[in-house]
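*Asks:* I'd like to ask you about the structure that follows.
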2 protein chains.
Amino acid sequence: MAVRNTITIKVLAKKLGLSVGSVSKALNDSPEISIETREKVKKLAKQHHYTPNHFASNLRNNTSKTIAVVVPEISDSFFSLAINGIEKAAQERAYHIIISITNELLSKEKIIINELHNGMVDGILISISRETLEGSHLKEINEFGMPIVFFDRDLEAMDTAKVVTNDFESAYNAVKHLVDQACNKICFLSVSESLSISKKRIEGFKKGLIELSKYNMPNHIVKCSTETAENDLIITNLLQDSSNRPDGIVVSGEHLTISIYNVCKQLGIKIPEQLKVICFSNLAYATCLSPSLSTITQPAFEIGYKATHLLCDSLDGKLTELKERVICPSKLEIRASSTCIKH
Amino acid sequence: MAVRNTITIKVLAKKLGLSVGSVSKALNDSPEISIETREKVKKLAKQHHYTPNHFASNLRNNTSKTIAVVVPEISDSFFSLAINGIEKAAQERAYHIIISITNELLSKEKIIINELHNGMVDGILISISRETLEGSHLKEINEFGMPIVFFDRDLEAMDTAKVVTNDFESAYNAVKHLVDQACNKICFLSVSESLSISKKRIEGFKKGLIELSKYNMPNHIVKCSTETAENDLIITNLLQDSSNRPDGIVVSGEHLTISIYNVCKQLGIKIPEQLKVICFSNLAYATCLSPSLSTITQPAFEIGYKATHLLCDSLDGKLTELKERVICPSKLEIRASSTCIKH
DNA sequence: TTGTACGCGTTATCAA
DNA sequence: TTGATAACGCGTACAA
């Protein structure tokens, strides 16, 4: 049972000897109502801690002042920072946020999106799940009139607004950096090969290899999973044969870092001497790792913040169409894990 | 503008040549309606992806099937894991969650709580802000009938349900561990002295000192802040005087770990040889830090999960009163940062 | 077995 | 300047 504030407009009206309509207008500062009565009404409302019933006004106005935030997970530095940015912007625009977690499952994402199709929210901010290759559920609700802004992980087939980072360029720069550090057997570790961000990173990586590296690795794109145990195995396989081991790795996916560090410790492989590592990550603890972790740091907060303002602009009618592409560049932060000279 | 699904009960009724009332009953499996028509109605509803309007049914039923989750921050392993647990449980109970972030500010917490007093949610899960010493805003809404379950950071003055961990005992055990490792100048670093969890930890810490330690530090409780720069200063002050430096620290607050590691690196203090560190933390990267970090690991997921089920039990009428206290014990995970023998 | 009518709390239109 | 009334979509008591 919801706890409905027992004091409603009706109650106020009775106490004041006014009609509900007048009270409503007074509370909404309608010029129809005399200033004196407006003051009187507001005073009583304040005394009784009156708050308008959310559902009634939403039903009436067909607007909820709420936006949905759909993320694949929340225990990830990128997404928790992005949510901070979203929350800040939403606050500034007087919007509420509802956060839903897909756990990287398309099935769950579909359920969540369908549930949102009942007027509960005015718009959607989404970073799609790893499994989402095809977005009929999103297209449908979007065509129905629901504004959508993608942040970070977008669906290429949809041309709604997107706020992303420069994944292609960043991956290229990461390769460049490793090549500069004399790596010539460079691998790319990824949790996905289908996500737009993964594709772009892989393309940038490949371009880097072709342009900059004279040598090459046979299976230089390694696909990982969501399971730590499985990843430990995959990485062990990759690294244990010392004759054919990479000397540099670009890691796409924060959670993979732990596995790499742990496996290297176990196999006695020294980072950065024997293996140089650079990771797409927003980890606050990068400086405290041993060795400190080189990262491609995404502007997570900024991405969330901008995406939200973009959506709110559209919702508040400040935009004629919601199709802007915003690119917030990532930053290469070189630390000990990828350099010859130890910090 | 919210995107209201244009297909409503009314539309279905018209298409089927039935009345809205009958359609409503059919969709809710009322025995009043014949099985055949029920089937027919449901089929059409499914075809058209009908979903009941959230606000209309909430207004009608005075229930929202939504719970508010109020946390001080989200970029903290404890809270993001706890939210995972909350989300899992909410899903199991078919409740929605709305997440609000107080940023450790009482003022914001009050605003959030007041906003919730309009029927938007059926109940509240909260971990209070660092500034919340007095809880009139919570008491008021609770006395009004809004069920509240505290998780982790509770308000001692309120006797509603709480799901917490064994902070007193854990802090005591941490001291015991450090004493076992031959520390005799042990400090406690805390972001708060007023939070229930901080108080309990400090009490457990003090008990440990008195019972187990022959020596003592003069100012053994060190209060830190939310600002990293400020904390770096405080910790530098604490550690730079080598003649009067602690040899063991119990850290209460995940974010303080970075500061300690960074300051020690800067001052050339070796962990664990010169300073042993153990931290209340859920950091996944504890094993990857240099040295690997000893932690008192809170059962974050479990705390969130249980708190949610407790609240839902109450909301679903399975509980006569909402006053249970659940204690999920933390686990001491000893690693290199607090032991003489390096792992 | 189905239909009718009312009310949840709010706001907007029209009348007074 | 204020009041009455209808409507948002749904659920339910009551009538048919």
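Please note that chains go A, B, ... in the order of the structure tokens, that every chain numbers its residues from 1, and that ligands are numbered from 1 in the order shown.
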Per residue of chain B within 7 Å of chain A, what are the shortest atom pair and its distance in Å to one decimal, counting only C-alpha atoms, with rows by chain and residue number, as a Markdown table?
*Replies:*
| residue | atom | partner | partner_atom | distance |
| --- | --- | --- | --- | --- |
| B:Met1 | CA | A:Thr63 | CA | 4.7 |
| B:Ala2 | CA | A:Asp122 | CA | 4.0 |
| B:Val3 | CA | A:Gly119 | CA | 5.3 |
| B:Arg4 | CA | A:Gly119 | CA | 4.5 |
| B:Asn5 | CA | A:Asn118 | CA | 5.7 |
| B:Thr51 | CA | A:Asn118 | CA | 5.8 |
| B:Pro52 | CA | A:Asn118 | CA | 6.4 |
| B:Asn53 | CA | A:Asn118 | CA | 5.0 |
| B:His54 | CA | A:Asn118 | CA | 5.9 |
| B:Phe55 | CA | A:Phe55 | CA | 4.8 |
| B:Ala56 | CA | A:Leu59 | CA | 6.2 |
| B:Asn58 | CA | A:Phe55 | CA | 6.7 |
| B:Leu59 | CA | A:Phe55 | CA | 5.7 |
| B:Asn62 | CA | A:Ala2 | CA | 5.6 |
| B:Thr63 | CA | A:Ala2 | CA | 4.4 |
| B:Ser64 | CA | A:Ala2 | CA | 6.2 |
| B:Ile74 | CA | A:Ser80 | CA | 6.0 |
| B:Ser75 | CA | A:Ser80 | CA | 5.2 |
| B:Ser77 | CA | A:Ser75 | CA | 6.8 |
| B:Ser80 | CA | A:Ser75 | CA | 5.2 |
| B:Leu81 | CA | A:Ser75 | CA | 6.2 |
| B:Ile97 | CA | A:Ile98 | CA | 6.8 |
| B:Ile98 | CA | A:Ile98 | CA | 4.8 |
| B:Ile99 | CA | A:Ile98 | CA | 6.3 |
| B:His117 | CA | A:Asn5 | CA | 6.4 |
| B:Asn118 | CA | A:Asn53 | CA | 5.0 |
| B:Gly119 | CA | A:Arg4 | CA | 4.6 |
| B:Met120 | CA | A:His54 | CA | 6.1 |
| B:Val121 | CA | A:Ala2 | CA | 6.0 |
| B:Asp122 | CA | A:Ala2 | CA | 4.0 |
| B:Gly145 | CA | A:Val3 | CA | 6.0 |
| B:Met146 | CA | A:Val3 | CA | 5.5 |
| B:Ile258 | CA | A:Cys288 | CA | 6.6 |
| B:Tyr261 | CA | A:Cys288 | CA | 6.5 |
| B:Tyr285 | CA | A:Ile258 | CA | 6.6 |
| B:Cys288 | CA | A:Leu289 | CA | 5.5 |
| B:Leu289 | CA | A:Leu289 | CA | 4.0 |
| B:Ser290 | CA | A:Ser290 | CA | 4.5 |
| B:Leu315 | CA | A:Met1 | CA | 6.4 |
*Asks:* What are the DSSP helix (DSSP H, G or I) residues of range 89-250 of chain B, as a short mmCIF file (atom, residue, chain, number, x, y, z; two decimals) with N, CA and C atoms, in the first residue's frame?
*Replies:*
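Ended up saving to states.cif:
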data_model
loop_
_atom_site.label_atom_id
_atom_site.label_comp_id
_atom_site.auth_asym_id
_atom_site.auth_seq_id
_atom_site.Cartn_x
_atom_site.Cartn_y
_atom_site.Cartn_z
N ALA B 89 16.24 -8.70 -5.58
CA ALA B 89 15.09 -9.00 -4.73
C ALA B 89 13.84 -8.31 -5.24
N ALA B 90 13.98 -7.07 -5.68
CA ALA B 90 12.83 -6.31 -6.17
C ALA B 90 12.23 -7.01 -7.38
N GLN B 91 13.11 -7.48 -8.23
CA GLN B 91 12.67 -8.23 -9.41
C GLN B 91 11.87 -9.47 -8.98
N GLU B 92 12.40 -10.19 -8.03
CA GLU B 92 11.74 -11.40 -7.55
C GLU B 92 10.35 -11.10 -7.00
N LEU B 106 22.57 16.01 4.16
CA LEU B 106 21.29 15.92 4.86
C LEU B 106 20.23 16.73 4.14
N SER B 107 20.61 17.89 3.66
CA SER B 107 19.64 18.75 2.99
C SER B 107 19.01 18.03 1.80
N LYS B 108 19.85 17.34 1.04
CA LYS B 108 19.32 16.63 -0.12
C LYS B 108 18.47 15.44 0.32
N GLU B 109 18.91 14.79 1.38
CA GLU B 109 18.15 13.65 1.89
C GLU B 109 16.74 14.08 2.27
N LYS B 110 16.65 15.24 2.93
CA LYS B 110 15.34 15.74 3.34
C LYS B 110 14.45 16.01 2.13
N ILE B 111 15.04 16.66 1.13
CA ILE B 111 14.27 16.96 -0.08
C ILE B 111 13.74 15.67 -0.71
N ILE B 112 14.64 14.72 -0.83
CA ILE B 112 14.25 13.44 -1.44
C ILE B 112 13.12 12.78 -0.66
N ILE B 113 13.28 12.71 0.64
CA ILE B 113 12.27 12.05 1.47
C ILE B 113 10.93 12.77 1.36
N ASN B 114 10.97 14.08 1.39
CA ASN B 114 9.72 14.82 1.28
C ASN B 114 9.03 14.58 -0.05
N GLU B 115 9.83 14.50 -1.09
CA GLU B 115 9.25 14.25 -2.41
C GLU B 115 8.58 12.88 -2.50
N SER B 136 14.08 13.60 11.91
CA SER B 136 12.67 13.98 11.96
C SER B 136 11.98 13.76 10.62
N HIS B 137 12.71 14.00 9.53
CA HIS B 137 12.09 13.81 8.21
C HIS B 137 11.70 12.35 8.00
N LEU B 138 12.52 11.46 8.51
CA LEU B 138 12.22 10.03 8.36
C LEU B 138 11.13 9.59 9.34
N LYS B 139 11.23 10.10 10.55
CA LYS B 139 10.22 9.73 11.55
C LYS B 139 8.84 10.15 11.10
N GLU B 140 8.77 11.37 10.60
CA GLU B 140 7.48 11.90 10.21
C GLU B 140 6.81 11.04 9.14
N ILE B 141 7.56 10.77 8.09
CA ILE B 141 6.99 10.01 6.98
C ILE B 141 6.68 8.58 7.43
N ASN B 142 7.48 8.09 8.34
CA ASN B 142 7.26 6.73 8.84
C ASN B 142 6.00 6.66 9.70
N GLU B 143 5.82 7.64 10.55
CA GLU B 143 4.63 7.67 11.41
C GLU B 143 3.38 7.86 10.57
N ASP B 167 29.49 -4.54 12.86
CA ASP B 167 30.59 -3.58 12.83
C ASP B 167 31.46 -3.61 14.09
N PHE B 168 30.80 -3.70 15.21
CA PHE B 168 31.54 -3.70 16.48
C PHE B 168 32.55 -4.85 16.50
N GLU B 169 32.02 -6.01 16.30
CA GLU B 169 32.83 -7.23 16.34
C GLU B 169 33.94 -7.19 15.27
N SER B 170 33.60 -6.71 14.09
CA SER B 170 34.57 -6.68 13.00
C SER B 170 35.74 -5.77 13.33
N ALA B 171 35.43 -4.60 13.89
CA ALA B 171 36.50 -3.66 14.23
C ALA B 171 37.38 -4.28 15.32
N TYR B 172 36.72 -4.92 16.27
CA TYR B 172 37.48 -5.59 17.33
C TYR B 172 38.42 -6.64 16.73
N ASN B 173 37.90 -7.42 15.84
CA ASN B 173 38.72 -8.47 15.21
C ASN B 173 39.86 -7.88 14.39
N ALA B 174 39.60 -6.73 13.78
CA ALA B 174 40.67 -6.09 13.01
C ALA B 174 41.82 -5.69 13.93
N VAL B 175 41.46 -5.11 15.07
CA VAL B 175 42.49 -4.73 16.04
C VAL B 175 43.25 -5.98 16.51
N LYS B 176 42.48 -6.98 16.81
CA LYS B 176 43.09 -8.24 17.27
C LYS B 176 44.10 -8.75 16.25
N HIS B 177 43.70 -8.71 15.01
CA HIS B 177 44.59 -9.15 13.94
C HIS B 177 45.86 -8.32 13.91
N LEU B 178 45.72 -7.00 14.00
CA LEU B 178 46.89 -6.12 13.94
C LEU B 178 47.80 -6.34 15.15
N VAL B 179 47.19 -6.54 16.31
CA VAL B 179 47.99 -6.81 17.51
C VAL B 179 48.75 -8.13 17.33
N ASP B 180 48.06 -9.10 16.77
CA ASP B 180 48.72 -10.38 16.48
C ASP B 180 49.91 -10.20 15.55
N SER B 196 25.93 5.51 12.89
CA SER B 196 25.82 4.34 13.75
C SER B 196 26.94 3.35 13.46
N ILE B 197 27.21 3.13 12.19
CA ILE B 197 28.23 2.13 11.87
C ILE B 197 29.60 2.60 12.34
N SER B 198 29.86 3.89 12.22
CA SER B 198 31.16 4.42 12.66
C SER B 198 31.29 4.27 14.17
N LYS B 199 30.24 4.63 14.86
CA LYS B 199 30.27 4.53 16.32
C LYS B 199 30.57 3.11 16.76
N LYS B 200 29.87 2.18 16.14
CA LYS B 200 30.07 0.78 16.53
C LYS B 200 31.48 0.32 16.22
N ARG B 201 31.97 0.74 15.05
CA ARG B 201 33.33 0.37 14.69
C ARG B 201 34.33 0.97 15.68
N ILE B 202 34.11 2.22 16.03
CA ILE B 202 35.02 2.89 16.96
C ILE B 202 34.98 2.21 18.33
N GLU B 203 33.78 1.86 18.75
CA GLU B 203 33.66 1.15 20.04
C GLU B 203 34.41 -0.18 20.01
N GLY B 204 34.19 -0.91 18.94
CA GLY B 204 34.89 -2.20 18.82
C GLY B 204 36.39 -2.00 18.77
N PHE B 205 36.80 -0.96 18.08
CA PHE B 205 38.22 -0.63 17.99
C PHE B 205 38.78 -0.31 19.36
N LYS B 206 38.08 0.53 20.11
CA LYS B 206 38.55 0.93 21.44
C LYS B 206 38.61 -0.26 22.38
N LYS B 207 37.60 -1.09 22.30
CA LYS B 207 37.59 -2.27 23.16
C LYS B 207 38.81 -3.13 22.85
N GLY B 208 39.07 -3.27 21.57
CA GLY B 208 40.24 -4.05 21.17
C GLY B 208 41.52 -3.46 21.73
N LEU B 209 41.66 -2.15 21.61
CA LEU B 209 42.87 -1.49 22.12
C LEU B 209 43.04 -1.74 23.61
N ILE B 210 41.96 -1.52 24.33
CA ILE B 210 42.04 -1.63 25.79
C ILE B 210 42.36 -3.06 26.21
N GLU B 211 41.69 -4.01 25.59
CA GLU B 211 41.86 -5.40 26.01
C GLU B 211 43.17 -6.00 25.55
N LEU B 212 43.57 -5.63 24.32
CA LEU B 212 44.62 -6.41 23.67
C LEU B 212 45.96 -5.70 23.57
N THR B 228 39.25 14.19 -1.30
CA THR B 228 40.49 13.44 -1.40
C THR B 228 41.71 14.30 -1.03
N ALA B 229 41.72 15.52 -1.53
CA ALA B 229 42.87 16.40 -1.27
C ALA B 229 43.05 16.62 0.22
N GLU B 230 41.93 16.88 0.88
CA GLU B 230 41.96 17.11 2.32
C GLU B 230 42.46 15.86 3.06
N ASN B 231 41.96 14.72 2.62
CA ASN B 231 42.37 13.47 3.27
C ASN B 231 43.86 13.21 3.09
N ASP B 232 44.36 13.53 1.91
CA ASP B 232 45.80 13.35 1.67
C ASP B 232 46.60 14.14 2.70
N LEU B 233 46.13 15.34 2.97
CA LEU B 233 46.79 16.20 3.96
C LEU B 233 46.73 15.59 5.36
N ILE B 234 45.53 15.20 5.73
CA ILE B 234 45.32 14.64 7.07
C ILE B 234 46.22 13.41 7.26
N ILE B 235 46.25 12.59 6.24
CA ILE B 235 47.02 11.35 6.36
C ILE B 235 48.52 11.64 6.33
N THR B 236 48.90 12.61 5.52
CA THR B 236 50.31 13.01 5.51
C THR B 236 50.73 13.47 6.90
N ASN B 237 49.90 14.32 7.50
CA ASN B 237 50.17 14.78 8.86
C ASN B 237 50.33 13.62 9.83
N LEU B 238 49.45 12.65 9.66
CA LEU B 238 49.46 11.51 10.58
C LEU B 238 50.73 10.69 10.44
N LEU B 239 51.21 10.58 9.20
CA LEU B 239 52.27 9.61 8.95
C LEU B 239 53.67 10.19 8.83
N GLN B 240 53.79 11.51 8.64
CA GLN B 240 55.11 12.01 8.25
C GLN B 240 56.12 12.05 9.40
N SER B 242 58.06 10.32 11.67
CA SER B 242 58.39 8.90 11.81
C SER B 242 58.57 8.49 13.27
N SER B 243 58.86 9.46 14.15
CA SER B 243 59.08 9.10 15.55
C SER B 243 57.77 8.76 16.25
N ASN B 244 56.71 9.30 15.72
CA ASN B 244 55.42 9.11 16.40
C ASN B 244 54.37 8.61 15.42
#
*Asks:* What are the closest atom pairs, with distances in Å to one decimal, for all residues of chain D lying within 12 Å of chain B? Consider only C-alpha atoms (C1' of nucleotides), order rows by chain and residue number, and present the result as a tab-separated table.
*Replies:*
residue	atom	partner	partner_atom	distance
D:DC8	C1'	B:Ala56	CA	7.9
D:DG9	C1'	B:Ala56	CA	5.0
D:DC10	C1'	B:Ser57	CA	5.2
D:DG11	C1'	B:Arg60	CA	6.9
D:DT12	C1'	B:Gly21	CA	8.6
D:DA13	C1'	B:Gly21	CA	11.5
*Asks:* For the residues in that selection, give me C-alpha atoms (C1' of nucleotides) as an mmCIF file, in the first residue's frame.
*Replies:*
data_model
loop_
_atom_site.group_PDB
_atom_site.id
_atom_site.type_symbol
_atom_site.label_atom_id
_atom_site.label_comp_id
_atom_site.auth_asym_id
_atom_site.auth_seq_id
_atom_site.Cartn_x
_atom_site.Cartn_y
_atom_site.Cartn_z
ATOM 1 C "C1'" DC D 8 -7.071 11.257 -17.738
ATOM 2 C "C1'" DG D 9 -7.323 5.146 -17.398
ATOM 3 C "C1'" DC D 10 -8.436 1.855 -14.340
ATOM 4 C "C1'" DG D 11 -11.023 -1.196 -11.025
ATOM 5 C "C1'" DT D 12 -15.105 -2.475 -8.571
ATOM 6 C "C1'" DA D 13 -19.761 -2.481 -6.442
#
*Asks:* Any idea what the distance is between C1' of DA4 in chain D and CA of Val23 in chain A?
*Replies:* 13.5 Å
*Asks:* Can you build me a table of chain B residues sitting at most 7 Å from chain C, with the closest atom pair per residue and its distance in Å to one decimal, using only C-alpha atoms (C1' of nucleotides), sorted by chain and residue number, as a tab-separated table?
*Replies:*
residue	atom	partner	partner_atom	distance
B:Ser19	CA	C:DG3	C1'	6.3
B:Ser22	CA	C:DT2	C1'	6.6
B:Glu32	CA	C:DT1	C1'	6.7
B:Ile33	CA	C:DT1	C1'	6.1
B:Ser34	CA	C:DT1	C1'	6.5
B:Leu59	CA	C:DC8	C1'	5.4
B:Arg60	CA	C:DC8	C1'	4.8
*Asks:* Quick check, in Å to one decimal: how far apart do CA of Ser129 in chain B and CA of Asp313 in chain B lie?
*Replies:*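 Straight-line distance from CA of Ser129 in chain B to CA of Asp313 in chain B works out to 25.5 Å.
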